[in-house]
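Data first, discussion second: the structure below is written as structure tokens.
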Amino acid sequence: MNSWNEGYFTDSTYTYGYYRELSPNFMRWCLLLNGILAPEITEESCHCELGFGQGVAANIHAAATPGKFFGTDFNPSHAITANELAEASGADAKFFEDSFEEFSKRDDLPQFDSISLHGIWSWVSAENRRHIMEFARRHLKSGGMLYNSYNCLPGWAPIAPLRELLAMYDKYSGKGGAAKGRISEALKFVEEMLAANPAYLNLAPNFAKTFEVLKKNNPDYLAHEYLNLDWDLMYFTDVAEIAQQAKLNFAATAIPIEIVEKLNISEPAIEFLRKIENPIVKEQARDYFINRQFRKDIFVRGIRKINSVERLDKILEMRYVLLSPADNVPLKFKTTGGDVKLSEEIYRPILEFLQEDNYRPKNFAEYLKRNPAQDSKGILEAIIILVNNNNIMPCQSEVAVNLVKKSCDKLNAHICERAKFEDAINFLVSPLTGLGVAVTRFQQLFLSQYRAGDKTSDKLAASAWKIISRQGQRLIHEGKTLQTPEENLAHMEKLTDDFLKTQLPIFKALLI
């Protein structure tokens with residue numbers, strides 16, 4: 001008989017990850033990109049995250065989004081961490097350690113504008129998936145959004161046996177103990193098996209390569225992903241049918257660039273998909289062309305479509321903020337369709353426009369007024385690509401920013417304080433975007449000391465070095481551990497100099 005964890009791996013806590021797709025603001029923008037309106041986010045809005053892990057994303061979004069936040073994760077350690085972060089921010093957030101069944105039966109929960117779950121669906125039992133959908137059926141408002149990410153077929157089909165091998169070994173031959181030891185034993189078993197050259201490798205030539213990449217991951221992550229008793233692969237159509245039982249219709253993926261089909265699939269594939277009228281069939285067929293392994297889906301209870309002109313106007317009128325210096329934004333990147341090289345003539349002026357006036361957020365309606373010869377549809381494509389690549393982000397309204405600024409400041413101060421003792425949460429929250437921003441431990445230390453009055457490079461370096469040296473820690477530069485205080489201080493000054501010149505102006509623009 002299973003214990004309270006119902007076969008889910010709980011021997012170690014989950015990683016301190018952050019996923020922008022869980023944000024109500026980001027979900028709304030992805031829907032708008034697909035010509036769908038979602039309810040406005042106000043102080044009366046309510047949001048929920050199921051299976052929130054350490055609660056980093058849930059708390060970032062609770063601090064940065066007007067309204068109330070709720071969530072559950074049946075690992076008590078996760079609930080403790082999440083509620084500590086909520087207390088630190090002062091946001092209106094409540095996190096529970098209920099199972100999905102217990103949570104779905106609560107009578108003290110509101111109707112939600114959004115419900116989100118990341119990396120949960122594939123790793124829980126069929127019964128728990130029913131509880132999740134029953135929860136959405138009962139608690140999601142009309143017009144509300146549900147985000148669900150999951151492993152999927154056909155992309156996983158050739159390598160699914162790898163997970164089965166790891167889980168099988170751990171279940172039947174594993175010696176138990178801590179996560180690191182358990183996953184290490186299972187990996188060693190598979191490594192020895194592959195060395196014996198099983199015939200399956202002839203059928204799946206990428207199997208061994210996938211295994212080599214997998215071994216490099218964090219042991220806690222691998223344990224949570226691969227050692228659960230439940231791990232079900234589904235086609236998109238399977239999930240869409242289950243969602244329809246809760247009156248939820250597939251609306252969009254939370255991967256913006258997928259709307260620019262020419263960057264993801266070939267012209268013959270585009271032509272083939274254009275002939276398919278049914279949206280569910282079309283979406284499933286697209287997974288075959290992409291060979292998709294992981295989906296990021298947004299479902300809606302009641303779709304409100306707008307026409308293409310209104311959609312374009314709304315996207316162009318929103319403010320956007322640049323997340324790195326214009327010169328640092330790469331114009332080459334990879335998609336499922338191959339390598340992409342963006343036009344210098346089109347993209348550099350856009351990036352420089354967003355960098356003007358110390359990265360002040362701006363809308364593209366203003367850009368088009370300055371550059372009337374520019375094509376608005378081309379600008380729209382640029383926005384999509386730059387948001388997809390996390391180079392720029394849409395901003396909240398000024399009203400929303402003012403509502404959440406205090407809770408964001410308090411959460412950021414708490415995370416920066418923790419950085420003095422551990423390198424765990426590498427994100428801070430921006431009230432401007434309503435999203436998390438990747439910020440290293442040292443950047444957090446510099447921010448904290450800057451606010452405390454250390455405004456120069458040498459003072460910031462000395463303060464940061466004092467903090468880490470007390471704990472017996474040293475800097476690493478070009479793979480070499482720096483030994484003497486002089487070496488460490490000299491390199492720390494280079495880091496603080498870069499922080500003051502390059503990163504601080506962006507953090508100020510993001511209101512961090």
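Quick note on naming: the chains in the structure tokens go A, B, ... in the order shown, residues restart at 1 in each chain, and ligands are numbered from 1 in order of appearance.
When the distance limit is 6 Å and only C-alpha atoms are what count, the residues near range 294-301 of chain A, minus those fewer than 3 positions from it on the same chain, are Ser142, Gly143, Gly144, Met145, Leu146, Tyr147, Asn148, Ser149, Tyr150, Asn151, Cys152, Lys247, Leu248, Asn249, Phe250, Ala251, Ala252, Thr253 and Ala254 of chain A.
With only C-alpha atoms taken into account, the protein and nucleic acid residues at most 9 Å from Lys377 in chain A (excluding it and anything under 4 positions from it in its own chain) are Leu312, Glu381 and Ala382 of chain A.
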Only N, CA and C atoms, please: the residues just picked out, written as an mmCIF file, in the first residue's frame.
```cif
data_model
loop_
_atom_site.group_PDB
_atom_site.id
_atom_site.type_symbol
_atom_site.label_atom_id
_atom_site.label_comp_id
_atom_site.auth_asym_id
_atom_site.auth_seq_id
_atom_site.Cartn_x
_atom_site.Cartn_y
_atom_site.Cartn_z
ATOM 1 N N LEU A 312 -3.295 43.045 -33.190
ATOM 2 C CA LEU A 312 -2.056 43.752 -33.507
ATOM 3 C C LEU A 312 -1.960 45.050 -32.719
ATOM 4 N N GLU A 381 6.419 40.303 -35.644
ATOM 5 C CA GLU A 381 7.260 39.107 -35.674
ATOM 6 C C GLU A 381 8.509 39.308 -34.816
ATOM 7 N N ALA A 382 9.082 40.507 -34.868
ATOM 8 C CA ALA A 382 10.261 40.796 -34.055
ATOM 9 C C ALA A 382 9.924 40.725 -32.570
#
```
Using DSSP on the backbone coordinates, identify all residues within range 407-499 of chain A classified as helix (DSSP H, G or I); present the result as a ChimeraX atom specification. /A:407-418,441-451,457-469,485-499
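Shell of Glu398 in chain A at 10 Å, with only C-alpha atoms counted and residues fewer than 5 places along the chain excluded, is Leu403, Pro431 and Leu432 of chain A.
Omitting Ala208 in chain A and its sequence neighbours fewer than 2 positions away, and counting only C-alpha atoms, the residues within 12 Å are Pro158, Ile159, Pro161, Leu162, Leu187, Val190, Glu191, Glu192, Met193, Leu194, Ala195, Ala196, Asn197, Pro198, Tyr200, Leu201, Asn202, Leu203, Ala204, Pro205, Asn206, Thr210, Phe211, Glu212, Val213, Leu214 and Lys215 of chain A.
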Considering only C-alpha atoms, can you say which of A:Tyr19, A:Phe52, A:Tyr288, A:Phe236 comes closest to Phe427 in chain A? A:Tyr19
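The gap separating CA of Ser308 in chain A from CA of Asn264 in chain A is 21.7 Å, in Å to one decimal.
Near range 64-68 of chain A, within 6 Å and counting only C-alpha atoms, sit Thr42, Glu43, Glu44, Ser45, Cys46, Asp92, Ala93, Val404, Cys408, Pro431 and Gly434 of chain A; same-chain residues fewer than 5 positions away were not included.
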Output the selection as a compact mmCIF listing (two decimals), in the first residue's frame - N, CA and C atoms for each residue.
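Saved file again.txt follows:
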```txt
# COMPACT_ATOMS: atom_id res chain seq x y z
N THR A 42 -6.91 42.00 -11.79
CA THR A 42 -7.18 43.09 -10.85
C THR A 42 -6.89 42.62 -9.43
N GLU A 43 -7.13 43.51 -8.47
CA GLU A 43 -6.95 43.15 -7.07
C GLU A 43 -7.91 42.04 -6.64
N GLU A 44 -8.99 41.87 -7.40
CA GLU A 44 -9.97 40.84 -7.06
C GLU A 44 -9.66 39.50 -7.72
N SER A 45 -8.66 39.44 -8.57
CA SER A 45 -8.33 38.20 -9.27
C SER A 45 -7.77 37.17 -8.30
N CYS A 46 -7.98 35.90 -8.64
CA CYS A 46 -7.45 34.80 -7.83
C CYS A 46 -6.75 33.80 -8.74
N ASP A 92 -0.67 38.33 -0.67
CA ASP A 92 -1.87 37.61 -0.24
C ASP A 92 -1.81 36.22 -0.84
N ALA A 93 -1.08 35.33 -0.20
CA ALA A 93 -0.84 33.99 -0.74
C ALA A 93 -0.96 32.95 0.36
N VAL A 404 1.85 46.21 -6.70
CA VAL A 404 2.70 45.08 -6.29
C VAL A 404 4.12 45.48 -5.90
N CYS A 408 7.01 43.05 -3.96
CA CYS A 408 8.19 42.66 -4.75
C CYS A 408 9.48 43.08 -4.04
N PRO A 431 8.42 43.95 -10.53
CA PRO A 431 7.04 44.43 -10.53
C PRO A 431 6.63 45.00 -11.89
N GLY A 434 5.99 41.61 -13.87
CA GLY A 434 5.22 40.58 -13.17
C GLY A 434 5.87 39.21 -13.26
```
Any idea what's packed within 12 Å of range 385-388 of chain A, counting only C-alpha atoms, ignoring anything in its chain fewer than 5 positions away? Could you give it as a PyMOL selection string? chain A and resi 20-21+26+29-30+33+253-261+263-264+315+320-324+326+329-335+340-342+347-348+350-351+354+378-380+393-395+433
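Between CA of Thr456 in chain A and CA of His491 in chain A lies a distance of 14.9 Å.
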Taking the DSSP assignment computed from this structure's backbone, write out as an mmCIF file with C-alpha atoms, in the first residue's frame all residues of range 115-294 of chain A that belong to strand (DSSP E or B).
```
data_model
loop_
_atom_site.group_PDB
_atom_site.id
_atom_site.type_symbol
_atom_site.label_atom_id
_atom_site.label_comp_id
_atom_site.auth_asym_id
_atom_site.auth_seq_id
_atom_site.Cartn_x
_atom_site.Cartn_y
_atom_site.Cartn_z
ATOM 1 C CA ILE A 115 -4.773 27.561 -12.584
ATOM 2 C CA SER A 116 -1.304 26.356 -13.477
ATOM 3 C CA LEU A 117 0.753 23.202 -13.134
ATOM 4 C CA LEU A 140 -11.900 27.794 -12.805
ATOM 5 C CA LYS A 141 -13.980 30.824 -13.770
ATOM 6 C CA SER A 142 -15.631 31.241 -17.134
ATOM 7 C CA GLY A 143 -12.930 32.725 -19.345
ATOM 8 C CA GLY A 144 -10.259 31.431 -16.965
ATOM 9 C CA MET A 145 -6.901 29.984 -18.055
ATOM 10 C CA LEU A 146 -5.281 26.639 -17.262
ATOM 11 C CA TYR A 147 -1.598 26.067 -18.009
ATOM 12 C CA ASN A 148 -0.408 22.466 -18.199
ATOM 13 C CA SER A 149 3.019 21.215 -19.272
ATOM 14 C CA TYR A 150 3.816 17.544 -19.794
ATOM 15 C CA ASN A 151 5.997 15.005 -21.562
ATOM 16 C CA CYS A 152 4.361 13.853 -24.754
ATOM 17 C CA MET A 234 0.300 11.014 -23.696
ATOM 18 C CA ASN A 249 -10.634 24.150 -24.847
ATOM 19 C CA PHE A 250 -7.077 24.225 -26.141
ATOM 20 C CA ALA A 251 -6.191 27.842 -26.898
ATOM 21 C CA ALA A 252 -2.436 28.206 -27.457
ATOM 22 C CA THR A 253 0.996 26.990 -26.526
ATOM 23 C CA PHE A 294 7.345 18.379 -24.089
#
```
Could you check the closest approach to Glu422 in chain A for each of A:Ala62, A:Leu447, A:Ala461, A:Ile468 and tell me which residue wins, using only C-alpha atoms? A:Ile468
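Restricting the calculation to only C-alpha atoms, the smallest distance between Asp108 in chain A and any of A:Glu493, A:His139, A:Thr481, A:Arg418 is found for A:His139.
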Write out as a ChimeraX atom specification which residues come within 9 Å of Ile415 in chain A when counting only C-alpha atoms, dropping same-chain ones fewer than 4 positions away. /A:85,410-411,419,425-428,444
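Among the candidate residues A:Glu49, A:Glu344, A:Glu87, A:Glu185, the one lying nearest to Ile132 in chain A is A:Glu49, with distances computed using only C-alpha atoms.
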